[in-house]
$ cat work_7.json   # JSON, C-alpha atoms and all ligand atoms
[["chain", "number", "residue", "atom", "x", "y", "z"],
["A", 1, "MET", "CA", 0.00, 0.00, 0.00],
["A", 2, "ASN", "CA", 1.06, 3.53, -0.73],
["A", 3, "GLN", "CA", 2.28, 5.03, 2.55],
["A", 4, "ASP", "CA", 1.72, 8.53, 1.23],
["A", 5, "SER", "CA", -2.01, 7.93, 1.25],
["A", 6, "MET", "CA", -1.99, 7.73, 5.06],
["A", 7, "PRO", "CA", 0.41, 10.39, 6.24],
["A", 8, "ASP", "CA", -0.86, 10.68, 9.81],
["A", 9, "THR", "CA", -1.33, 7.06, 10.86],
["A", 10, "ASP", "CA", 1.25, 5.11, 12.77],
["A", 11, "ALA", "CA", 1.80, 1.38, 12.28],
["A", 12, "ILE", "CA", -0.61, 0.32, 15.03],
["A", 13, "THR", "CA", -3.47, 2.55, 13.89],
["A", 14, "ARG", "CA", -2.94, 1.49, 10.33],
["A", 15, "LEU", "CA", -3.12, -2.22, 11.13],
["A", 16, "VAL", "CA", -6.20, -1.72, 13.35],
["A", 17, "GLN", "CA", -7.85, 0.09, 10.45],
["A", 18, "GLU", "CA", -6.99, -2.70, 8.02],
["A", 19, "PHE", "CA", -8.36, -5.41, 10.32],
["A", 20, "SER", "CA", -11.55, -3.40, 10.90],
["A", 21, "LYS", "CA", -12.31, -3.63, 7.19],
["A", 22, "LEU", "CA", -12.46, -7.45, 7.35],
["A", 23, "PRO", "CA", -15.83, -9.23, 7.62],
["A", 24, "GLY", "CA", -16.89, -10.00, 11.19],
["A", 25, "ILE", "CA", -14.12, -7.95, 12.82],
["A", 26, "GLY", "CA", -15.20, -4.87, 14.74],
["A", 27, "PRO", "CA", -12.85, -2.12, 16.05],
["A", 28, "LYS", "CA", -12.35, -3.91, 19.41],
["A", 29, "SER", "CA", -11.33, -7.20, 17.80],
["A", 30, "ALA", "CA", -9.13, -5.34, 15.35],
["A", 31, "GLN", "CA", -7.31, -3.75, 18.28],
["A", 32, "ARG", "CA", -7.00, -7.05, 20.12],
["A", 33, "ILE", "CA", -5.50, -8.81, 17.07],
["A", 34, "THR", "CA", -3.10, -5.93, 16.44],
["A", 35, "PHE", "CA", -1.77, -5.95, 20.01],
["A", 36, "HIS", "CA", -1.54, -9.72, 19.92],
["A", 37, "LEU", "CA", 0.59, -9.46, 16.79],
["A", 38, "LEU", "CA", 2.74, -6.83, 18.45],
["A", 39, "ARG", "CA", 3.81, -9.45, 20.99],
["A", 40, "ASN", "CA", 4.57, -11.95, 18.21],
["A", 41, "SER", "CA", 8.13, -12.84, 17.28],
["A", 42, "GLU", "CA", 9.36, -11.30, 14.04],
["A", 43, "GLU", "CA", 9.44, -14.76, 12.54],
["A", 44, "LYS", "CA", 5.72, -15.33, 13.20],
["A", 45, "SER", "CA", 4.85, -11.95, 11.73],
["A", 46, "LYS", "CA", 6.87, -12.72, 8.61],
["A", 47, "SER", "CA", 5.09, -16.02, 8.22],
["A", 48, "LEU", "CA", 1.69, -14.28, 8.49],
["A", 49, "ALA", "CA", 2.70, -11.60, 6.00],
["A", 50, "ASP", "CA", 3.94, -14.28, 3.63],
["A", 51, "ALA", "CA", 0.66, -16.22, 3.90],
["A", 52, "LEU", "CA", -1.29, -13.03, 3.12],
["A", 53, "LEU", "CA", 0.82, -12.24, 0.07],
["A", 54, "SER", "CA", 0.78, -15.74, -1.37],
["A", 55, "LEU", "CA", -3.01, -15.77, -1.12],
["A", 56, "LYS", "CA", -3.23, -13.33, -4.00],
["A", 57, "GLN", "CA", -0.07, -14.39, -5.78],
["A", 58, "ARG", "CA", -0.76, -18.11, -5.92],
["A", 59, "ILE", "CA", -4.52, -18.49, -5.91],
["A", 60, "ALA", "CA", -6.39, -18.23, -9.20],
["A", 61, "LEU", "CA", -9.77, -19.41, -10.46],
["A", 62, "CYS", "CA", -10.18, -22.86, -11.97],
["A", 63, "SER", "CA", -10.87, -22.42, -15.69],
["A", 64, "GLN", "CA", -13.59, -25.06, -15.49],
["A", 65, "CYS", "CA", -15.53, -24.57, -12.25],
["A", 66, "CYS", "CA", -14.35, -21.07, -11.16],
["A", 67, "ASN", "CA", -13.35, -22.42, -7.74],
["A", 68, "VAL", "CA", -10.25, -20.90, -6.14],
["A", 69, "THR", "CA", -7.23, -23.07, -6.78],
["A", 70, "GLU", "CA", -3.45, -23.15, -6.87],
["A", 71, "SER", "CA", -3.46, -25.43, -9.90],
["A", 72, "ASP", "CA", -5.68, -25.33, -12.97],
["A", 73, "PRO", "CA", -7.87, -27.35, -13.34],
["A", 74, "CYS", "CA", -8.56, -27.57, -9.63],
["A", 75, "PRO", "CA", -8.16, -30.89, -7.76],
["A", 76, "ILE", "CA", -11.91, -31.62, -7.92],
["A", 77, "CYS", "CA", -12.18, -31.06, -11.70],
["A", 78, "ARG", "CA", -9.02, -33.14, -12.15],
["A", 79, "ASN", "CA", -10.20, -36.04, -10.00],
["A", 80, "PRO", "CA", -11.17, -39.01, -12.24],
["A", 81, "GLN", "CA", -13.31, -40.45, -9.41],
["A", 82, "ARG", "CA", -15.81, -37.58, -9.58],
["A", 83, "ASP", "CA", -19.12, -38.00, -11.40],
["A", 84, "THR", "CA", -18.74, -35.66, -14.37],
["A", 85, "ALA", "CA", -22.46, -35.81, -15.21],
["A", 86, "GLN", "CA", -23.48, -33.90, -12.07],
["A", 87, "VAL", "CA", -22.70, -30.28, -11.37],
["A", 88, "CYS", "CA", -23.60, -28.49, -8.15],
["A", 89, "ILE", "CA", -23.97, -24.70, -8.38],
["A", 90, "VAL", "CA", -22.83, -22.75, -5.32],
["A", 91, "GLU", "CA", -22.44, -19.06, -4.55],
["A", 92, "GLN", "CA", -19.01, -19.08, -2.91],
["A", 93, "PRO", "CA", -15.90, -21.29, -2.76],
["A", 94, "GLN", "CA", -16.53, -21.79, 1.00],
["A", 95, "ASP", "CA", -19.78, -23.58, 0.10],
["A", 96, "ILE", "CA", -17.73, -26.27, -1.64],
["A", 97, "LEU", "CA", -15.77, -26.82, 1.58],
["A", 98, "ALA", "CA", -19.04, -27.32, 3.49],
["A", 99, "LEU", "CA", -20.47, -29.75, 0.92],
["A", 100, "GLU", "CA", -17.21, -31.68, 0.59],
["A", 101, "HIS", "CA", -17.11, -32.02, 4.36],
["A", 102, "THR", "CA", -20.30, -34.12, 4.25],
["A", 103, "GLY", "CA", -18.54, -36.63, 1.97],
["A", 104, "VAL", "CA", -21.89, -37.35, 0.28],
["A", 105, "TYR", "CA", -21.55, -35.51, -3.00],
["A", 106, "LYS", "CA", -19.28, -36.95, -5.71],
["A", 107, "GLY", "CA", -20.06, -34.74, -8.68],
["A", 108, "LEU", "CA", -18.49, -31.50, -9.92],
["A", 109, "TYR", "CA", -19.15, -27.90, -8.88],
["A", 110, "HIS", "CA", -19.57, -24.47, -10.35],
["A", 111, "VAL", "CA", -18.90, -21.35, -8.28],
["A", 112, "LEU", "CA", -20.96, -18.27, -9.20],
["A", 113, "HIS", "CA", -19.01, -15.88, -6.93],
["A", 114, "GLY", "CA", -22.16, -14.18, -5.74],
["A", 115, "ALA", "CA", -25.89, -14.18, -6.23],
["A", 116, "ILE", "CA", -28.24, -12.03, -8.26],
["A", 117, "SER", "CA", -29.35, -9.11, -6.10],
["A", 118, "PRO", "CA", -31.16, -6.21, -7.80],
["A", 119, "ALA", "CA", -31.16, -4.38, -4.44],
["A", 120, "GLU", "CA", -27.36, -4.39, -4.41],
["A", 121, "GLY", "CA", -27.03, -3.86, -8.13],
["A", 122, "VAL", "CA", -25.72, -7.37, -8.83],
["A", 123, "GLY", "CA", -27.09, -8.68, -12.10],
["A", 124, "ALA", "CA", -26.69, -11.96, -13.95],
["A", 125, "ASP", "CA", -23.69, -10.61, -15.85],
["A", 126, "ASP", "CA", -21.84, -9.80, -12.62],
["A", 127, "ILE", "CA", -21.55, -13.42, -11.50],
["A", 128, "ARG", "CA", -20.18, -16.48, -13.29],
["A", 129, "ILE", "CA", -23.33, -17.48, -15.18],
["A", 130, "ARG", "CA", -21.87, -17.07, -18.66],
["A", 131, "GLU", "CA", -19.10, -19.52, -17.74],
["A", 132, "LEU", "CA", -21.69, -21.95, -16.42],
["A", 133, "LEU", "CA", -23.78, -21.86, -19.60],
["A", 134, "ASP", "CA", -20.69, -22.34, -21.78],
["A", 135, "ARG", "CA", -19.79, -25.32, -19.68],
["A", 136, "LEU", "CA", -23.27, -26.84, -19.77],
["A", 137, "GLN", "CA", -23.31, -26.52, -23.54],
["A", 138, "ALA", "CA", -19.83, -27.95, -24.05],
["A", 139, "ASN", "CA", -20.30, -31.01, -21.81],
["A", 140, "THR", "CA", -22.93, -33.66, -21.18],
["A", 141, "PHE", "CA", -24.49, -33.14, -17.77],
["A", 142, "ARG", "CA", -27.31, -35.27, -16.42],
["A", 143, "GLU", "CA", -28.17, -33.11, -13.45],
["A", 144, "VAL", "CA", -27.62, -29.57, -12.24],
["A", 145, "ILE", "CA", -28.06, -29.15, -8.47],
["A", 146, "LEU", "CA", -28.90, -25.59, -7.43],
["A", 147, "ALA", "CA", -27.20, -25.13, -4.08],
["A", 148, "THR", "CA", -27.42, -21.36, -3.74],
["A", 149, "ASN", "CA", -28.28, -20.01, -0.29],
["A", 150, "THR", "CA", -31.90, -20.17, 0.85],
["A", 151, "ASN", "CA", -32.22, -16.39, 1.32],
["A", 152, "LEU", "CA", -33.90, -13.98, -1.12],
["A", 153, "GLU", "CA", -30.82, -13.57, -3.37],
["A", 154, "GLY", "CA", -30.14, -17.31, -3.43],
["A", 155, "GLU", "CA", -33.74, -18.15, -4.34],
["A", 156, "GLN", "CA", -33.82, -15.47, -7.05],
["A", 157, "THR", "CA", -30.61, -16.84, -8.51],
["A", 158, "ALA", "CA", -31.92, -20.41, -8.42],
["A", 159, "MET", "CA", -35.11, -19.35, -10.25],
["A", 160, "TYR", "CA", -33.14, -17.46, -12.84],
["A", 161, "LEU", "CA", -30.77, -20.39, -13.47],
["A", 162, "SER", "CA", -33.61, -22.87, -13.61],
["A", 163, "ARG", "CA", -35.26, -20.90, -16.40],
["A", 164, "LEU", "CA", -31.98, -20.83, -18.34],
["A", 165, "ILE", "CA", -31.03, -24.46, -17.83],
["A", 166, "THR", "CA", -34.33, -26.32, -18.19],
["A", 167, "PRO", "CA", -34.50, -25.71, -22.00],
["A", 168, "LEU", "CA", -31.07, -27.39, -22.29],
["A", 169, "ASP", "CA", -32.73, -30.69, -21.40],
["A", 170, "ILE", "CA", -30.78, -31.16, -18.17],
["A", 171, "LYS", "CA", -32.50, -32.17, -14.95],
["A", 172, "VAL", "CA", -32.48, -29.26, -12.49],
["A", 173, "THR", "CA", -32.76, -30.00, -8.78],
["A", 174, "ARG", "CA", -32.71, -27.79, -5.70],
["A", 175, "LEU", "CA", -31.37, -28.73, -2.26],
["A", 176, "ALA", "CA", -34.21, -29.99, -0.07],
["A", 177, "ARG", "CA", -36.24, -27.60, 2.03],
["A", 178, "GLY", "CA", -34.67, -29.11, 5.14],
["A", 179, "LEU", "CA", -32.38, -26.09, 5.03],
["A", 180, "PRO", "CA", -34.12, -23.35, 7.01],
["A", 181, "TYR", "CA", -34.92, -20.15, 5.12],
["A", 182, "GLY", "CA", -32.01, -17.73, 5.27],
["A", 183, "THR", "CA", -29.36, -20.44, 5.55],
["A", 184, "GLU", "CA", -25.93, -19.68, 4.25],
["A", 185, "LEU", "CA", -24.57, -22.98, 3.05],
["A", 186, "GLU", "CA", -21.16, -22.30, 4.45],
["A", 187, "TYR", "CA", -22.55, -22.33, 8.01],
["A", 188, "ALA", "CA", -24.90, -25.31, 7.69],
["A", 189, "ASP", "CA", -23.93, -28.41, 9.67],
["A", 190, "ASP", "CA", -23.05, -31.75, 8.05],
["A", 191, "VAL", "CA", -26.28, -33.53, 8.99],
["A", 192, "THR", "CA", -28.51, -30.78, 7.62],
["A", 193, "LEU", "CA", -26.45, -30.48, 4.44],
["A", 194, "THR", "CA", -26.40, -34.24, 3.87],
["A", 195, "ARG", "CA", -30.21, -34.40, 4.29],
["A", 196, "ALA", "CA", -30.65, -31.44, 1.97],
["A", 197, "LEU", "CA", -28.45, -33.09, -0.66],
["A", 198, "GLU", "CA", -30.08, -36.49, -0.40],
["A", 199, "GLY", "CA", -33.58, -35.03, -0.32],
["A", 200, "ARG", "CA", -33.07, -32.66, -3.25],
["A", 201, "SER", "CA", -36.03, -32.45, -5.57],
["A", 202, "GLU", "CA", -36.69, -31.42, -9.13],
["A", 203, "PHE", "CA", -36.92, -27.66, -9.41],
["B", 301, "ZN", "ZN", -12.39, -26.80, -10.96]]

$ encode --input "work_7.json" --output "structure tokens"
Amino acid sequence: MNQDSMPDTDAITRLVQEFSKLPGIGPKSAQRITFHLLRNSEEKSKSLADALLSLKQRIALCSQCCNVTESDPCPICRNPQRDTAQVCIVEQPQDILALEHTGVYKGLYHVLHGAISPAEGVGADDIRIRELLDRLQANTFREVILATNTNLEGEQTAMYLSRLITPLDIKVTRLARGLPYGTELEYADDVTLTRALEGRSEF
């Protein structure tokens, strides 16, 4: 970052400000983390800084499923054991972690990197729907599982995708209603997610 853009902030204030911008971290937590780091050895701080830098330097998007990956295609797309006729559509890469944790699903994924939200000005062109359609047209899929969140944006996105995909003659299913309304997949527990996957129904 350009130091000139913050002429009056010392190192502590600057780090507190940076942490405060992160999701789920308020000013108090930002201060606590900063003072914790201040007590760290230089070696530990270097290791943290290195991890932060390599996040952007080494992680890219898989050219097939748009998941974050260090190698392209990602390990899931590369895995010959996966069922290549099934593709599960999720909003965020973290959702894949949650679904993989159940161990139930053996198909492929597609990460949208968001959901359609007219209220926030996010349209269909702002998320990875074009990539999904290209992929559906270039490959033979038997089933598309819509695993977007069960909140307003997730439902809107699922409806939109369903209308696009159904004419392609691919079965479209939605995770079962066992997921309470407003659920973010990433925070759902294994049992609920497994039930929702197994009980998915045609959409
Ligand atoms: Zn992939």

$ closest_atom_pairs --input "work_7.json" --of "chain A" --to "ligand ZN 301 (chain B)" --cutoff "10 Å" --atoms "only C-alpha atoms and all ligand atoms" --output "Markdown table"
| residue | atom | partner | partner_atom | distance |
| --- | --- | --- | --- | --- |
| A:Leu61 | CA | B:ZN301 | ZN | 7.9 |
| A:Cys62 | CA | B:ZN301 | ZN | 4.6 |
| A:Ser63 | CA | B:ZN301 | ZN | 6.6 |
| A:Gln64 | CA | B:ZN301 | ZN | 5.0 |
| A:Cys65 | CA | B:ZN301 | ZN | 4.1 |
| A:Cys66 | CA | B:ZN301 | ZN | 6.1 |
| A:Asn67 | CA | B:ZN301 | ZN | 5.5 |
| A:Val68 | CA | B:ZN301 | ZN | 7.9 |
| A:Thr69 | CA | B:ZN301 | ZN | 7.6 |
| A:Ser71 | CA | B:ZN301 | ZN | 9.1 |
| A:Asp72 | CA | B:ZN301 | ZN | 7.2 |
| A:Pro73 | CA | B:ZN301 | ZN | 5.1 |
| A:Cys74 | CA | B:ZN301 | ZN | 4.1 |
| A:Pro75 | CA | B:ZN301 | ZN | 6.7 |
| A:Ile76 | CA | B:ZN301 | ZN | 5.7 |
| A:Cys77 | CA | B:ZN301 | ZN | 4.3 |
| A:Arg78 | CA | B:ZN301 | ZN | 7.3 |
| A:Asn79 | CA | B:ZN301 | ZN | 9.5 |
| A:Leu108 | CA | B:ZN301 | ZN | 7.8 |
| A:Tyr109 | CA | B:ZN301 | ZN | 7.2 |
| A:His110 | CA | B:ZN301 | ZN | 7.6 |
| A:Val111 | CA | B:ZN301 | ZN | 8.9 |

$ write_last_selection --input "work_7.json" --atoms "C-alpha atoms" --output "PDB file, in the frame of the given file"
ATOM      1  CA  LEU A  61      -9.770 -19.410 -10.460  1.00  0.00           C
ATOM      2  CA  CYS A  62     -10.180 -22.860 -11.970  1.00  0.00           C
ATOM      3  CA  SER A  63     -10.870 -22.420 -15.690  1.00  0.00           C
ATOM      4  CA  GLN A  64     -13.590 -25.060 -15.490  1.00  0.00           C
ATOM      5  CA  CYS A  65     -15.530 -24.570 -12.250  1.00  0.00           C
ATOM      6  CA  CYS A  66     -14.350 -21.070 -11.160  1.00  0.00           C
ATOM      7  CA  ASN A  67     -13.350 -22.420  -7.740  1.00  0.00           C
ATOM      8  CA  VAL A  68     -10.250 -20.900  -6.140  1.00  0.00           C
ATOM      9  CA  THR A  69      -7.230 -23.070  -6.780  1.00  0.00           C
ATOM     10  CA  SER A  71      -3.460 -25.430  -9.900  1.00  0.00           C
ATOM     11  CA  ASP A  72      -5.680 -25.330 -12.970  1.00  0.00           C
ATOM     12  CA  PRO A  73      -7.870 -27.350 -13.340  1.00  0.00           C
ATOM     13  CA  CYS A  74      -8.560 -27.570  -9.630  1.00  0.00           C
ATOM     14  CA  PRO A  75      -8.160 -30.890  -7.760  1.00  0.00           C
ATOM     15  CA  ILE A  76     -11.910 -31.620  -7.920  1.00  0.00           C
ATOM     16  CA  CYS A  77     -12.180 -31.060 -11.700  1.00  0.00           C
ATOM     17  CA  ARG A  78      -9.020 -33.140 -12.150  1.00  0.00           C
ATOM     18  CA  ASN A  79     -10.200 -36.040 -10.000  1.00  0.00           C
ATOM     19  CA  LEU A 108     -18.490 -31.500  -9.920  1.00  0.00           C
ATOM     20  CA  TYR A 109     -19.150 -27.900  -8.880  1.00  0.00           C
ATOM     21  CA  HIS A 110     -19.570 -24.470 -10.350  1.00  0.00           C
ATOM     22  CA  VAL A 111     -18.900 -21.350  -8.280  1.00  0.00           C
TER      23      VAL A 111
END

$ atom_distance --input "work_7.json" --atom1 "atom CA of Val122 of chain A" --atom2 "atom CA of Val87 of chain A"
23.2 Å

$ atom_distance --input "work_7.json" --atom1 "atom CA of Leu37 of chain A" --atom2 "atom CA of Glu186 of chain A"
28.1 Å

$ closest_residue --input "work_7.json" --among "A:Thr102, A:Gln156, A:Thr150, A:Ser162" --to "Val191 of chain A" --atoms "only C-alpha atoms"
A:Thr102

$ residues_around --input "work_7.json" --residues "Ile59 of chain A" --least-positions-apart "3" --cutoff "6 Å" --atoms "all atoms listed in the file" --output "ChimeraX atom specification"
/A:55-56,69-70

$ residues_around --input "work_7.json" --residues "Ala115 of chain A" --least-positions-apart "3" --cutoff "10 Å" --atoms "only C-alpha atoms" --output "JSON, numbers by chain"
{"A": [90, 91, 92, 112, 118, 122, 123, 124, 126, 127, 128, 129, 148, 149, 152, 153, 154, 155, 156, 157, 158]}

$ write_last_selection --input "work_7.json" --atoms "C-alpha atoms" --output "PDB file, in the frame of the given file"
ATOM      1  CA  VAL A  90     -22.830 -22.750  -5.320  1.00  0.00           C
ATOM      2  CA  GLU A  91     -22.440 -19.060  -4.550  1.00  0.00           C
ATOM      3  CA  GLN A  92     -19.010 -19.080  -2.910  1.00  0.00           C
ATOM      4  CA  LEU A 112     -20.960 -18.270  -9.200  1.00  0.00           C
ATOM      5  CA  PRO A 118     -31.160  -6.210  -7.800  1.00  0.00           C
ATOM      6  CA  VAL A 122     -25.720  -7.370  -8.830  1.00  0.00           C
ATOM      7  CA  GLY A 123     -27.090  -8.680 -12.100  1.00  0.00           C
ATOM      8  CA  ALA A 124     -26.690 -11.960 -13.950  1.00  0.00           C
ATOM      9  CA  ASP A 126     -21.840  -9.800 -12.620  1.00  0.00           C
ATOM     10  CA  ILE A 127     -21.550 -13.420 -11.500  1.00  0.00           C
ATOM     11  CA  ARG A 128     -20.180 -16.480 -13.290  1.00  0.00           C
ATOM     12  CA  ILE A 129     -23.330 -17.480 -15.180  1.00  0.00           C
ATOM     13  CA  THR A 148     -27.420 -21.360  -3.740  1.00  0.00           C
ATOM     14  CA  ASN A 149     -28.280 -20.010  -0.290  1.00  0.00           C
ATOM     15  CA  LEU A 152     -33.900 -13.980  -1.120  1.00  0.00           C
ATOM     16  CA  GLU A 153     -30.820 -13.570  -3.370  1.00  0.00           C
ATOM     17  CA  GLY A 154     -30.140 -17.310  -3.430  1.00  0.00           C
ATOM     18  CA  GLU A 155     -33.740 -18.150  -4.340  1.00  0.00           C
ATOM     19  CA  GLN A 156     -33.820 -15.470  -7.050  1.00  0.00           C
ATOM     20  CA  THR A 157     -30.610 -16.840  -8.510  1.00  0.00           C
ATOM     21  CA  ALA A 158     -31.920 -20.410  -8.420  1.00  0.00           C
TER      22      ALA A 158
END

$ residues_near_point --input "work_7.json" --point "(-21.8, -38.5, -7.0)" --cutoff "8 Å" --atoms "only C-alpha atoms" --output "JSON, numbers by chain"
{"A": [82, 83, 86, 104, 105, 106, 107]}

$ closest_residue --input "work_7.json" --among "A:Gln81, A:Gln57, A:Asn151, A:Thr194" --to "Pro180 of chain A" --atoms "only C-alpha atoms"
A:Asn151

$ closest_residue --input "work_7.json" --among "A:Leu197, A:Leu48, A:Met159, A:Ile12" --to "Gln31 of chain A" --atoms "all atoms listed in the file"
A:Ile12

$ closest_residue --input "work_7.json" --among "A:Ile96, A:Ser47, A:Ile116, A:Ile89" --to "Leu132 of chain A" --atoms "all atoms listed in the file"
A:Ile89

$ atom_distance --input "work_7.json" --atom1 "atom CA of Lys46 of chain A" --atom2 "atom CA of Ile25 of chain A"
21.9 Å

$ residues_around --input "work_7.json" --residues "Thr34 of chain A" --least-positions-apart "4" --cutoff "7 Å" --atoms "only C-alpha atoms" --output "MDAnalysis selection string"
chainID A and resid 12 15:16 30 38
